file input_12.cif (mmCIF, C-alpha atoms)
data_run
loop_
_atom_site.group_PDB
_atom_site.id
_atom_site.type_symbol
_atom_site.label_atom_id
_atom_site.label_comp_id
_atom_site.auth_asym_id
_atom_site.auth_seq_id
_atom_site.Cartn_x
_atom_site.Cartn_y
_atom_site.Cartn_z
ATOM 1 C CA MET Y 230 38.666 143.788 20.271
ATOM 2 C CA PRO Y 231 41.851 141.691 20.534
ATOM 3 C CA LEU Y 232 41.817 139.162 23.335
ATOM 4 C CA LEU Y 233 44.424 137.212 25.177
ATOM 5 C CA ALA Y 234 44.588 133.749 23.691
ATOM 6 C CA ALA Y 235 44.460 132.111 27.081
ATOM 7 C CA SER Y 236 41.328 132.267 29.136
ATOM 8 C CA ILE Y 237 40.812 131.342 32.746
ATOM 9 C CA ILE Y 238 38.268 128.670 33.562
ATOM 10 C CA VAL Y 239 36.513 129.265 36.827
ATOM 11 C CA CYS Y 240 34.455 126.644 38.571
ATOM 12 C CA SER Y 241 33.434 126.912 42.189
ATOM 13 C CA PRO Y 242 33.207 123.628 44.057
ATOM 14 C CA ALA Y 243 29.852 122.676 45.494
ATOM 15 C CA MET Y 244 29.257 123.607 49.131
ATOM 16 C CA ALA Y 245 26.311 122.832 51.383
ATOM 17 C CA GLY Y 246 23.527 123.814 48.989
ATOM 18 C CA ASP Y 247 21.909 121.610 46.364
ATOM 19 C CA ALA Y 248 22.547 123.193 42.980
ATOM 20 C CA LYS Y 249 19.839 121.206 41.183
ATOM 21 C CA VAL Y 250 17.193 122.279 43.664
ATOM 22 C CA GLY Y 251 18.530 125.806 43.443
ATOM 23 C CA LYS Y 252 18.322 125.731 39.657
ATOM 24 C CA ALA Y 253 14.649 124.789 39.782
ATOM 25 C CA LYS Y 254 13.869 127.575 42.227
ATOM 26 C CA ALA Y 255 15.965 130.086 40.310
ATOM 27 C CA SER Y 256 14.072 129.341 37.108
ATOM 28 C CA VAL Y 257 10.885 130.491 38.832
ATOM 29 C CA GLN Y 258 12.030 133.318 41.089
ATOM 30 C CA CYS Y 259 15.304 134.700 39.745
ATOM 31 C CA ALA Y 260 15.653 134.078 36.009
ATOM 32 C CA VAL Y 261 13.355 136.893 34.899
ATOM 33 C CA CYS Y 262 15.944 139.439 36.051
ATOM 34 C CA HIS Y 263 19.160 137.414 36.358
ATOM 35 C CA GLY Y 264 18.681 135.229 33.282
ATOM 36 C CA PRO Y 265 18.417 131.435 32.927
ATOM 37 C CA THR Y 266 22.197 131.065 33.198
ATOM 38 C CA GLY Y 267 22.872 133.962 35.561
ATOM 39 C CA ILE Y 268 23.485 136.603 32.907
ATOM 40 C CA ALA Y 269 21.401 139.628 33.810
ATOM 41 C CA GLN Y 270 18.460 140.626 31.656
ATOM 42 C CA TYR Y 271 18.253 144.205 32.970
ATOM 43 C CA PRO Y 272 20.996 146.774 33.545
ATOM 44 C CA GLU Y 273 20.094 147.152 37.208
ATOM 45 C CA ALA Y 274 20.535 143.439 37.945
ATOM 46 C CA PRO Y 275 23.965 141.844 38.363
ATOM 47 C CA ASN Y 276 25.226 138.769 36.566
ATOM 48 C CA LEU Y 277 25.246 135.832 38.980
ATOM 49 C CA ALA Y 278 26.844 133.158 36.760
ATOM 50 C CA GLY Y 279 29.846 131.653 38.528
ATOM 51 C CA GLN Y 280 29.556 134.076 41.421
ATOM 52 C CA VAL Y 281 31.301 133.195 44.664
ATOM 53 C CA GLU Y 282 28.995 130.941 46.700
ATOM 54 C CA ILE Y 283 29.636 132.413 50.145
ATOM 55 C CA TYR Y 284 29.200 135.916 48.714
ATOM 56 C CA LEU Y 285 25.781 134.968 47.319
ATOM 57 C CA VAL Y 286 24.711 133.445 50.638
ATOM 58 C CA LYS Y 287 25.690 136.661 52.405
ATOM 59 C CA ALA Y 288 24.026 138.895 49.801
ATOM 60 C CA LEU Y 289 20.697 137.047 49.985
ATOM 61 C CA GLY Y 290 20.851 136.937 53.780
ATOM 62 C CA ASP Y 291 21.582 140.663 53.908
ATOM 63 C CA PHE Y 292 18.616 141.439 51.647
ATOM 64 C CA ARG Y 293 16.371 139.226 53.766
ATOM 65 C CA SER Y 294 17.502 140.819 57.041
ATOM 66 C CA GLY Y 295 17.329 144.345 55.668
ATOM 67 C CA ALA Y 296 21.068 144.946 56.101
ATOM 68 C CA ARG Y 297 21.104 145.532 52.347
ATOM 69 C CA THR Y 298 18.183 146.982 50.454
ATOM 70 C CA ASN Y 299 16.975 146.878 46.880
ATOM 71 C CA GLU Y 300 13.509 147.526 45.548
ATOM 72 C CA MET Y 301 13.154 144.048 44.078
ATOM 73 C CA MET Y 302 15.468 141.940 46.227
ATOM 74 C CA THR Y 303 14.060 143.202 49.502
ATOM 75 C CA ILE Y 304 10.724 141.702 48.464
ATOM 76 C CA VAL Y 305 11.997 138.509 46.804
ATOM 77 C CA SER Y 306 14.369 137.558 49.623
ATOM 78 C CA LYS Y 307 11.660 137.646 52.288
ATOM 79 C CA SER Y 308 10.213 134.357 51.024
ATOM 80 C CA LEU Y 309 13.539 132.512 51.012
ATOM 81 C CA SER Y 310 14.474 129.967 53.686
ATOM 82 C CA ASP Y 311 18.084 129.299 54.696
ATOM 83 C CA ASP Y 312 17.956 126.176 52.524
ATOM 84 C CA ASP Y 313 16.606 128.165 49.572
ATOM 85 C CA ILE Y 314 19.494 130.594 49.898
ATOM 86 C CA ALA Y 315 22.068 127.809 50.128
ATOM 87 C CA ASN Y 316 20.571 126.044 47.098
ATOM 88 C CA LEU Y 317 20.379 129.203 44.980
ATOM 89 C CA ALA Y 318 23.956 130.124 45.856
ATOM 90 C CA ALA Y 319 25.103 126.599 44.994
ATOM 91 C CA TRP Y 320 23.324 126.800 41.642
ATOM 92 C CA TYR Y 321 24.763 130.113 40.520
ATOM 93 C CA ALA Y 322 28.235 129.207 41.800
ATOM 94 C CA SER Y 323 28.098 125.937 39.848
ATOM 95 C CA ILE Y 324 27.793 127.726 36.510
ATOM 96 C CA GLN Y 325 31.222 127.760 34.918
ATOM 97 C CA ILE Y 326 32.526 131.019 33.559
ATOM 98 C CA SER Y 327 35.655 131.720 31.576
ATOM 99 C CA VAL Y 328 37.272 135.107 31.399
ATOM 100 C CA GLN Y 329 38.981 136.875 28.538
ATOM 101 C CA GLN Y 330 40.744 140.059 29.436
ATOM 102 C CA PRO Y 331 40.803 142.884 26.867
ATOM 103 C CA GLN Y 332 44.345 143.842 25.950
ATOM 104 C CA MET P 213 30.814 117.400 34.779
ATOM 105 C CA PRO P 214 29.199 117.419 31.328
ATOM 106 C CA LEU P 215 28.668 120.824 29.830
ATOM 107 C CA LEU P 216 26.451 122.204 27.153
ATOM 108 C CA ALA P 217 28.425 122.435 23.946
ATOM 109 C CA ALA P 218 27.314 125.969 23.321
ATOM 110 C CA SER P 219 28.447 128.777 25.540
ATOM 111 C CA ILE P 220 27.213 132.318 25.715
ATOM 112 C CA ILE P 221 29.650 135.129 25.101
ATOM 113 C CA VAL P 222 28.938 138.196 27.167
ATOM 114 C CA CYS P 223 30.509 141.548 26.495
ATOM 115 C CA SER P 224 29.182 144.785 27.887
ATOM 116 C CA PRO P 225 29.603 147.824 25.671
ATOM 117 C CA ALA P 226 31.630 150.725 27.014
ATOM 118 C CA MET P 227 29.692 153.477 28.763
ATOM 119 C CA ALA P 228 30.946 156.762 30.189
ATOM 120 C CA GLY P 229 33.947 155.428 32.083
ATOM 121 C CA ASP P 230 37.435 154.875 30.704
ATOM 122 C CA ALA P 231 38.221 151.178 31.040
ATOM 123 C CA LYS P 232 41.979 151.625 30.579
ATOM 124 C CA VAL P 233 42.170 154.189 33.376
ATOM 125 C CA GLY P 234 39.970 151.941 35.470
ATOM 126 C CA LYS P 235 42.229 148.968 34.835
ATOM 127 C CA ALA P 236 45.252 150.883 36.119
ATOM 128 C CA LYS P 237 43.426 151.951 39.273
ATOM 129 C CA ALA P 238 41.967 148.484 39.803
ATOM 130 C CA SER P 239 45.414 146.921 39.669
ATOM 131 C CA VAL P 240 46.396 149.041 42.673
ATOM 132 C CA GLN P 241 43.226 149.196 44.746
ATOM 133 C CA CYS P 242 41.006 146.240 43.820
ATOM 134 C CA ALA P 243 43.050 143.355 42.448
ATOM 135 C CA VAL P 244 44.296 142.084 45.809
ATOM 136 C CA CYS P 245 40.777 140.916 46.659
ATOM 137 C CA HIS P 246 38.986 140.827 43.290
ATOM 138 C CA GLY P 247 41.882 139.476 41.226
ATOM 139 C CA PRO P 248 43.710 140.945 38.216
ATOM 140 C CA THR P 249 40.900 139.884 35.873
ATOM 141 C CA GLY P 250 38.004 140.295 38.289
ATOM 142 C CA ILE P 251 37.984 136.737 39.609
ATOM 143 C CA ALA P 252 37.889 136.947 43.394
ATOM 144 C CA GLN P 253 40.882 135.865 45.432
ATOM 145 C CA TYR P 254 38.955 135.439 48.689
ATOM 146 C CA PRO P 255 35.612 133.735 49.399
ATOM 147 C CA GLU P 256 34.108 136.903 50.853
ATOM 148 C CA ALA P 257 34.798 138.955 47.705
ATOM 149 C CA PRO P 258 32.632 138.687 44.588
ATOM 150 C CA ASN P 259 33.851 138.099 41.074
ATOM 151 C CA LEU P 260 33.629 141.346 39.106
ATOM 152 C CA ALA P 261 34.682 140.107 35.650
ATOM 153 C CA GLY P 262 32.064 141.063 33.082
ATOM 154 C CA GLN P 263 29.754 142.444 35.738
ATOM 155 C CA VAL P 264 27.005 144.837 34.646
ATOM 156 C CA GLU P 265 28.457 148.354 34.465
ATOM 157 C CA ILE P 266 25.512 150.260 35.930
ATOM 158 C CA TYR P 267 25.294 147.722 38.756
ATOM 159 C CA LEU P 268 28.960 148.307 39.619
ATOM 160 C CA VAL P 269 28.502 152.098 39.572
ATOM 161 C CA LYS P 270 25.593 151.754 41.982
ATOM 162 C CA ALA P 271 27.413 149.284 44.231
ATOM 163 C CA LEU P 272 30.481 151.503 44.610
ATOM 164 C CA GLY P 273 28.318 154.587 45.119
ATOM 165 C CA ASP P 274 26.290 152.779 47.776
ATOM 166 C CA PHE P 275 29.435 151.714 49.627
ATOM 167 C CA ARG P 276 30.778 155.272 49.457
ATOM 168 C CA SER P 277 27.521 156.808 50.726
ATOM 169 C CA GLY P 278 27.074 154.205 53.442
ATOM 170 C CA ALA P 279 23.829 152.869 51.941
ATOM 171 C CA ARG P 280 25.640 149.532 51.706
ATOM 172 C CA THR P 281 28.304 148.478 54.167
ATOM 173 C CA ASN P 282 31.196 146.056 54.094
ATOM 174 C CA GLU P 283 34.265 146.007 56.307
ATOM 175 C CA MET P 284 36.672 146.462 53.401
ATOM 176 C CA MET P 285 34.561 148.272 50.787
ATOM 177 C CA THR P 286 33.321 150.932 53.196
ATOM 178 C CA ILE P 287 36.950 152.010 53.636
ATOM 179 C CA VAL P 288 38.134 151.574 50.047
ATOM 180 C CA SER P 289 35.192 153.384 48.469
ATOM 181 C CA LYS P 290 35.702 156.551 50.518
ATOM 182 C CA SER P 291 38.711 157.517 48.399
ATOM 183 C CA LEU P 292 36.940 157.055 45.064
ATOM 184 C CA SER P 293 35.729 159.980 42.958
ATOM 185 C CA ASP P 294 32.762 159.726 40.609
ATOM 186 C CA ASP P 295 35.243 159.388 37.738
ATOM 187 C CA ASP P 296 37.118 156.635 39.565
ATOM 188 C CA ILE P 297 33.870 154.731 40.015
ATOM 189 C CA ALA P 298 32.884 155.159 36.360
ATOM 190 C CA ASN P 299 36.328 154.028 35.203
ATOM 191 C CA LEU P 300 36.441 150.995 37.497
ATOM 192 C CA ALA P 301 32.959 149.943 36.431
ATOM 193 C CA ALA P 302 33.922 150.343 32.764
ATOM 194 C CA TRP P 303 37.018 148.207 33.302
ATOM 195 C CA TYR P 304 35.311 145.291 35.007
ATOM 196 C CA ALA P 305 32.376 145.413 32.578
ATOM 197 C CA SER P 306 34.788 145.299 29.647
ATOM 198 C CA ILE P 307 36.166 141.906 30.650
ATOM 199 C CA GLN P 308 34.478 139.295 28.504
ATOM 200 C CA ILE P 309 33.026 136.254 30.189
ATOM 201 C CA SER P 310 31.542 133.159 28.674
ATOM 202 C CA VAL P 311 29.149 130.890 30.504
ATOM 203 C CA GLN P 312 28.762 127.135 30.467
ATOM 204 C CA GLN P 313 25.751 125.799 32.259
ATOM 205 C CA PRO P 314 26.075 122.440 34.038
ATOM 206 C CA GLN P 315 23.600 119.892 32.689
#

call {"tool": "encode", "arguments": {"input": "input_12.cif", "output": "structure tokens"}}
result
Amino acid sequence: MPLLAASIIVCSPAMAGDAKVGKAKASVQCAVCHGPTGIAQYPEAPNLAGQVEIYLVKALGDFRSGARTNEMMTIVSKSLSDDDIANLAAWYASIQISVQQPQ
Amino acid sequence: MPLLAASIIVCSPAMAGDAKVGKAKASVQCAVCHGPTGIAQYPEAPNLAGQVEIYLVKALGDFRSGARTNEMMTIVSKSLSDDDIANLAAWYASIQISVQQPQ
């Protein structure tokens, strides 16, 4: 498929969470479904690589509170502290993605 | 920040939706928040570039049914047909992303 020559580099700046701590936790609790670099391993799971940090914090908080439900995430999120959520969001947001738009 | 030399190219194959039709609709209804190539323009909105197609179909369907709520998406999704959802998901999934993991 032809691609635009130029691609857009996206890198979210770090916020409150600790990306390195988040990476370690993600490797244990998240990578089976979302992949070691945030690229989903199953069709039902979203890619998280480079995702917007504040969006990830909200998503995990919503799963934990029950405002949003998902068979897997409803269970996984229950064990996460506020710090865990901040660190995981910082980790996934810190992964750089570049985008190439199909013509 | 040092990066791994190798990056992972991610490209989701087309499913039932028509990505070109989805692109046209997205440029009118989605791009203001999610960007012309699926990179979010606001911190509350997620990136959609290269997102998993079946995940996007479910997300839009959940917003439309009320199973998932969001101030903006609850309104926007109400006007979407099943075909619209399939086409939009095909469009965003068709955008190639590559990932570079921070060391």

call {"tool": "resolve_selection", "arguments": {"input": "input_12.cif", "expression": "the PyMOL selection byres ((chain P) within 9 of (chain Y))", "output": "PyMOL selection string"}}
result
chain P and resi 215+222+249-252+254-268+270+279-281+306-314

call {"tool": "resolve_selection", "arguments": {"input": "input_12.cif", "expression": "the PyMOL selection byres ((chain P and resi 291-302) around 8)", "output": "PyMOL selection string"}}
result
chain P and resi 226-235+237-238+265-266+268-269+272-273+276+287-290+303-306

call {"tool": "atom_distance", "arguments": {"input": "input_12.cif", "atom1": "atom CA of Y:Thr303", "atom2": "atom CA of P:Glu283"}}
result
21.5 Å

call {"tool": "atom_distance", "arguments": {"input": "input_12.cif", "atom1": "atom CA of P:Met285", "atom2": "atom CA of Y:Ser294"}}
result
19.6 Å

call {"tool": "atom_distance", "arguments": {"input": "input_12.cif", "atom1": "atom CA of Y:Asn299", "atom2": "atom CA of P:Asn282"}}
result
16.0 Å
